[in-house]
Amino acid sequence: MAPKKKARVSERAVNSGKDDGETASPVKQKVGDKRKVSAESGKSKESSESPGSPHYCHWLMKSEPESRFENGIDVKFGIEDLKALSNQTSCWDGVRNYQARNFMRQMKEGQLAFFYHSNCKEPGIAGITEIVKEAYVDHTQFDKKDVHYDATSKADNPKWSMVDVQYQRMMKRFLPLSELKKYHLQHRAKGGPLKDMALFTRARLSVQPLTTEEFDFVLSLEDKEPLRT
DNA sequence: GCCAACGTTGGC
DNA sequence: GCCAACGTTGGC
């Protein structure tokens, strides 16, 4: 996810395999992209998601704020890195997990996503980004030099998508995973908005949805004293 | 650095 | 299409 270069939450993973969800979702083209998307190429599926699946409008996206080298390439990309880019905007490339990809394909312009710092000293929610461009082809899947190159993905049927996110703001205070987890456990025991939060129930997913209740509750923590116990 | 959890691969 | 082996994620 970097504006034009950078990495995200290494979601590397040997992909290939069946496309679980939909077929190439309506890759929304934007200016500059010459490839004409032949009007859905007649696919019937398109924005799949089972009919019954709730449609989310808030997200959490993980990225690593500390240096880590993968094939000689540093995958570091924390919220400060996003903030430093021109336009404070970056594409979120490198996602190589079908569920995470499918969630990105559901994202709509204007929606908000928590920027989560993972695989670091203090994991947790650092800030908020806005989705500024809906899912389109992740070019890094075709780049042999890229850490997330996918030899099994073909140009005429790309497997991986990405969205563009723009820095919105830092959390008023960093929200550590440890604190969120305390709430999660508490809510799981006695009920509460974080009882089913994906961060804990689907720990390895790098792009995950939040219900409005979850999102609002997390936001409310900004104004509270850090939970201790 | 360890390792639990879990997604993916591939044999059958 | 099952499922064991394998590989990755990511907290600790």
# chains A, B, ... in the order shown; residues from 1 in each chain; ligands from 1

$ residues_around --residues "C:DG10" --least-positions-apart "5" --cutoff "10 Å" --atoms "only C-alpha atoms (C1' of nucleotides)" --output "PyMOL selection string"
chain A and resi 118-120+123+203-204

$ write_last_selection --atoms "N, CA and C atoms" --output "JSON list (two decimals), in the first residue's frame"
[["chain", "number", "residue", "atom", "x", "y", "z"],
["A", 118, "SER", "N", 0.32, -3.66, 13.32],
["A", 118, "SER", "CA", 0.50, -5.05, 13.72],
["A", 118, "SER", "C", 1.96, -5.47, 13.70],
["A", 119, "ASN", "N", 2.21, -6.59, 14.33],
["A", 119, "ASN", "CA", 3.54, -7.18, 14.32],
["A", 119, "ASN", "C", 4.59, -6.17, 14.79],
["A", 120, "CYS", "N", 4.31, -5.54, 15.91],
["A", 120, "CYS", "CA", 5.21, -4.50, 16.40],
["A", 120, "CYS", "C", 5.19, -4.46, 17.92],
["A", 123, "PRO", "N", 1.06, -3.25, 19.42],
["A", 123, "PRO", "CA", 0.01, -3.36, 18.41],
["A", 123, "PRO", "C", -1.24, -2.61, 18.86],
["A", 203, "ALA", "N", -8.47, -13.27, 14.10],
["A", 203, "ALA", "CA", -7.21, -12.58, 14.36],
["A", 203, "ALA", "C", -6.26, -12.40, 13.17],
["A", 204, "ARG", "N", -6.27, -13.33, 12.27],
["A", 204, "ARG", "CA", -5.28, -13.24, 11.20],
["A", 204, "ARG", "C", -5.72, -12.47, 9.97]]

$ select_by_dssp --residues "stretch 35-157 of chain A" --states "strand (DSSP E)" --output "JSON, numbers by chain"
{"A": [58, 59, 60, 61, 62, 63, 69, 70, 73, 74, 89, 90, 91, 112, 113, 114, 115, 116, 117, 124, 125, 126, 127, 128, 129, 130, 131, 132, 133, 134, 135, 136, 137]}

$ write_last_selection --atoms "C-alpha atoms" --output "PDB file, in the first residue's frame"
ATOM      1  CA  HIS A  58     -16.515   0.451   8.638  1.00  0.00           C
ATOM      2  CA  TRP A  59     -13.194  -1.314   8.417  1.00  0.00           C
ATOM      3  CA  LEU A  60      -9.926  -2.104  10.081  1.00  0.00           C
ATOM      4  CA  MET A  61      -6.770  -2.536   8.037  1.00  0.00           C
ATOM      5  CA  LYS A  62      -3.504  -3.840   9.406  1.00  0.00           C
ATOM      6  CA  SER A  63      -0.046  -2.705   8.464  1.00  0.00           C
ATOM      7  CA  PHE A  69      12.592  -7.349   5.484  1.00  0.00           C
ATOM      8  CA  GLU A  70      10.982  -9.701   3.111  1.00  0.00           C
ATOM      9  CA  ILE A  73      12.524  -5.423   0.864  1.00  0.00           C
ATOM     10  CA  ASP A  74      11.351  -3.471   3.845  1.00  0.00           C
ATOM     11  CA  THR A  89      -2.942   8.802   0.091  1.00  0.00           C
ATOM     12  CA  SER A  90      -1.762   5.316  -0.782  1.00  0.00           C
ATOM     13  CA  CYS A  91      -2.970   2.230  -2.507  1.00  0.00           C
ATOM     14  CA  LEU A 112     -13.681   4.970   7.193  1.00  0.00           C
ATOM     15  CA  ALA A 113     -11.118   2.408   8.239  1.00  0.00           C
ATOM     16  CA  PHE A 114      -9.028   2.125  11.368  1.00  0.00           C
ATOM     17  CA  PHE A 115      -5.319   1.988  10.641  1.00  0.00           C
ATOM     18  CA  TYR A 116      -4.035  -0.841  12.802  1.00  0.00           C
ATOM     19  CA  HIS A 117      -0.396  -1.390  13.652  1.00  0.00           C
ATOM     20  CA  GLY A 124      -3.189  -1.368  18.237  1.00  0.00           C
ATOM     21  CA  ILE A 125      -5.256   1.241  16.457  1.00  0.00           C
ATOM     22  CA  ALA A 126      -3.253   4.299  15.517  1.00  0.00           C
ATOM     23  CA  GLY A 127      -5.595   6.355  13.430  1.00  0.00           C
ATOM     24  CA  ILE A 128      -8.292   6.613  10.819  1.00  0.00           C
ATOM     25  CA  THR A 129      -8.200   6.565   7.040  1.00  0.00           C
ATOM     26  CA  GLU A 130     -10.857   7.137   4.448  1.00  0.00           C
ATOM     27  CA  ILE A 131     -11.432   4.974   1.417  1.00  0.00           C
ATOM     28  CA  VAL A 132     -10.863   7.309  -1.514  1.00  0.00           C
ATOM     29  CA  LYS A 133     -10.853   4.838  -4.369  1.00  0.00           C
ATOM     30  CA  GLU A 134     -12.793   1.626  -4.576  1.00  0.00           C
ATOM     31  CA  ALA A 135     -11.339  -1.738  -5.530  1.00  0.00           C
ATOM     32  CA  TYR A 136      -9.216  -1.979  -8.646  1.00  0.00           C
ATOM     33  CA  VAL A 137      -6.482  -4.264  -9.875  1.00  0.00           C
TER      34      VAL A 137
END

$ residues_around --residues "C:DC12" --least-positions-apart "2" --cutoff "10 Å" --atoms "only C-alpha atoms (C1' of nucleotides)" --output "PyMOL selection string"
(chain A and resi 121) or (chain B and resi 2-3) or (chain C and resi 10)

$ write_last_selection --atoms "N, CA and C atoms (P, O5', C5', C4', C3', O3' and C1' of nucleotides)" --output "JSON list (two decimals), in the first residue's frame"
[["chain", "number", "residue", "atom", "x", "y", "z"],
["A", 121, "LYS", "N", 6.02, -3.60, 18.48],
["A", 121, "LYS", "CA", 6.10, -3.47, 19.93],
["A", 121, "LYS", "C", 4.74, -3.30, 20.57],
["B", 2, "DC", "P", 13.23, -20.34, 19.07],
["B", 2, "DC", "O5'", 11.76, -20.34, 19.68],
["B", 2, "DC", "C5'", 11.59, -19.96, 21.05],
["B", 2, "DC", "C4'", 10.11, -20.02, 21.37],
["B", 2, "DC", "C3'", 9.41, -21.23, 20.77],
["B", 2, "DC", "O3'", 8.59, -21.78, 21.77],
["B", 2, "DC", "C1'", 8.32, -19.24, 20.08],
["B", 3, "DC", "P", 7.99, -23.23, 21.58],
["B", 3, "DC", "O5'", 6.54, -22.86, 21.01],
["B", 3, "DC", "C5'", 5.65, -22.07, 21.81],
["B", 3, "DC", "C4'", 4.45, -21.74, 20.95],
["B", 3, "DC", "C3'", 3.99, -22.93, 20.10],
["B", 3, "DC", "O3'", 2.58, -22.92, 20.05],
["B", 3, "DC", "C1'", 4.31, -21.10, 18.74],
["C", 10, "DG", "P", -1.71, -10.54, 10.34],
["C", 10, "DG", "O5'", -1.18, -10.60, 11.82],
["C", 10, "DG", "C5'", -1.96, -11.25, 12.82],
["C", 10, "DG", "C4'", -1.13, -11.37, 14.05],
["C", 10, "DG", "C3'", -0.37, -10.09, 14.44],
["C", 10, "DG", "O3'", -0.53, -9.91, 15.82],
["C", 10, "DG", "C1'", 1.06, -11.89, 14.48]]

$ residues_around --residues "B:DC6" --least-positions-apart "2" --cutoff "10 Å" --atoms "only C-alpha atoms (C1' of nucleotides)" --output "list in words"
Arg202, Ala203 and Arg204 of chain A; DA4 and DT8 of chain B; DT8 and DT9 of chain C

$ select_by_dssp --residues "stretch 98-171 of chain A" --states "alpha helix (DSSP H)" --output "number ranges by chain"
A: 98-106

$ residues_around --residues "A:Leu180" --least-positions-apart "5" --cutoff "10 Å" --atoms "only C-alpha atoms (C1' of nucleotides)" --output "ChimeraX atom specification"
/A:124-125,175,185-186,194,197,199-200,218,221,226-227

$ write_last_selection --atoms "N, CA, C and O atoms" --output "PDB file, in the first residue's frame"
ATOM      1  N   GLY A 124      -1.951  -2.063  17.897  1.00  0.00           N
ATOM      2  CA  GLY A 124      -3.189  -1.368  18.237  1.00  0.00           C
ATOM      3  C   GLY A 124      -3.623  -0.411  17.147  1.00  0.00           C
ATOM      4  O   GLY A 124      -3.011  -0.328  16.079  1.00  0.00           O
ATOM      5  N   ILE A 125      -4.689   0.312  17.424  1.00  0.00           N
ATOM      6  CA  ILE A 125      -5.256   1.241  16.457  1.00  0.00           C
ATOM      7  C   ILE A 125      -4.605   2.613  16.594  1.00  0.00           C
ATOM      8  O   ILE A 125      -4.648   3.230  17.653  1.00  0.00           O
ATOM      9  N   LEU A 175      -4.852   3.349  20.695  1.00  0.00           N
ATOM     10  CA  LEU A 175      -5.676   2.347  21.367  1.00  0.00           C
ATOM     11  C   LEU A 175      -5.008   0.988  21.253  1.00  0.00           C
ATOM     12  O   LEU A 175      -5.097   0.313  20.226  1.00  0.00           O
ATOM     13  N   LEU A 185     -13.029  -9.238  26.030  1.00  0.00           N
ATOM     14  CA  LEU A 185     -13.282 -10.320  26.998  1.00  0.00           C
ATOM     15  C   LEU A 185     -14.438  -9.973  27.928  1.00  0.00           C
ATOM     16  O   LEU A 185     -15.288 -10.817  28.225  1.00  0.00           O
ATOM     17  N   GLN A 186     -14.428  -8.727  28.340  1.00  0.00           N
ATOM     18  CA  GLN A 186     -15.492  -8.249  29.212  1.00  0.00           C
ATOM     19  C   GLN A 186     -16.850  -8.361  28.502  1.00  0.00           C
ATOM     20  O   GLN A 186     -17.814  -8.883  29.050  1.00  0.00           O
ATOM     21  N   LEU A 194     -18.083  -5.129  21.725  1.00  0.00           N
ATOM     22  CA  LEU A 194     -16.890  -5.775  21.146  1.00  0.00           C
ATOM     23  C   LEU A 194     -16.869  -7.288  21.300  1.00  0.00           C
ATOM     24  O   LEU A 194     -15.853  -7.931  21.066  1.00  0.00           O
ATOM     25  N   MET A 197     -15.913  -8.855  17.948  1.00  0.00           N
ATOM     26  CA  MET A 197     -15.009  -8.098  17.086  1.00  0.00           C
ATOM     27  C   MET A 197     -14.034  -8.996  16.326  1.00  0.00           C
ATOM     28  O   MET A 197     -13.363  -9.854  16.900  1.00  0.00           O
ATOM     29  N   LEU A 199     -11.216  -8.554  15.123  1.00  0.00           N
ATOM     30  CA  LEU A 199      -9.816  -8.476  15.548  1.00  0.00           C
ATOM     31  C   LEU A 199      -9.470  -9.644  16.471  1.00  0.00           C
ATOM     32  O   LEU A 199      -8.331 -10.086  16.524  1.00  0.00           O
ATOM     33  N   PHE A 200     -10.470 -10.136  17.181  1.00  0.00           N
ATOM     34  CA  PHE A 200     -10.242 -11.253  18.102  1.00  0.00           C
ATOM     35  C   PHE A 200     -10.818 -12.569  17.608  1.00  0.00           C
ATOM     36  O   PHE A 200     -10.279 -13.627  17.891  1.00  0.00           O
ATOM     37  N   VAL A 218     -15.355   1.755  19.720  1.00  0.00           N
ATOM     38  CA  VAL A 218     -13.902   1.969  19.673  1.00  0.00           C
ATOM     39  C   VAL A 218     -13.596   3.463  19.658  1.00  0.00           C
ATOM     40  O   VAL A 218     -12.708   3.934  20.371  1.00  0.00           O
ATOM     41  N   LEU A 221     -13.642   5.208  22.941  1.00  0.00           N
ATOM     42  CA  LEU A 221     -12.520   4.936  23.852  1.00  0.00           C
ATOM     43  C   LEU A 221     -11.482   6.047  23.827  1.00  0.00           C
ATOM     44  O   LEU A 221     -10.742   6.241  24.784  1.00  0.00           O
ATOM     45  N   PRO A 226      -7.305   5.219  29.683  1.00  0.00           N
ATOM     46  CA  PRO A 226      -6.873   3.868  29.318  1.00  0.00           C
ATOM     47  C   PRO A 226      -7.385   2.894  30.365  1.00  0.00           C
ATOM     48  O   PRO A 226      -7.297   3.168  31.554  1.00  0.00           O
ATOM     49  N   LEU A 227      -7.921   1.816  29.908  1.00  0.00           N
ATOM     50  CA  LEU A 227      -8.436   0.804  30.821  1.00  0.00           C
ATOM     51  C   LEU A 227      -7.264   0.133  31.502  1.00  0.00           C
ATOM     52  O   LEU A 227      -6.287  -0.224  30.874  1.00  0.00           O
TER      53      LEU A 227
END

$ closest_residue --among "A:Asn97, A:Thr211, A:Gln111, A:Ser161" --to "chain C" --atoms "only C-alpha atoms (C1' of nucleotides)"
A:Asn97

$ atom_distance --atom1 "atom CA of A:Tyr183" --atom2 "atom CA of A:Val207"
20.7 Å

$ atom_distance --atom1 "atom CA of A:Glu109" --atom2 "atom CA of A:Pro193"
25.2 Å
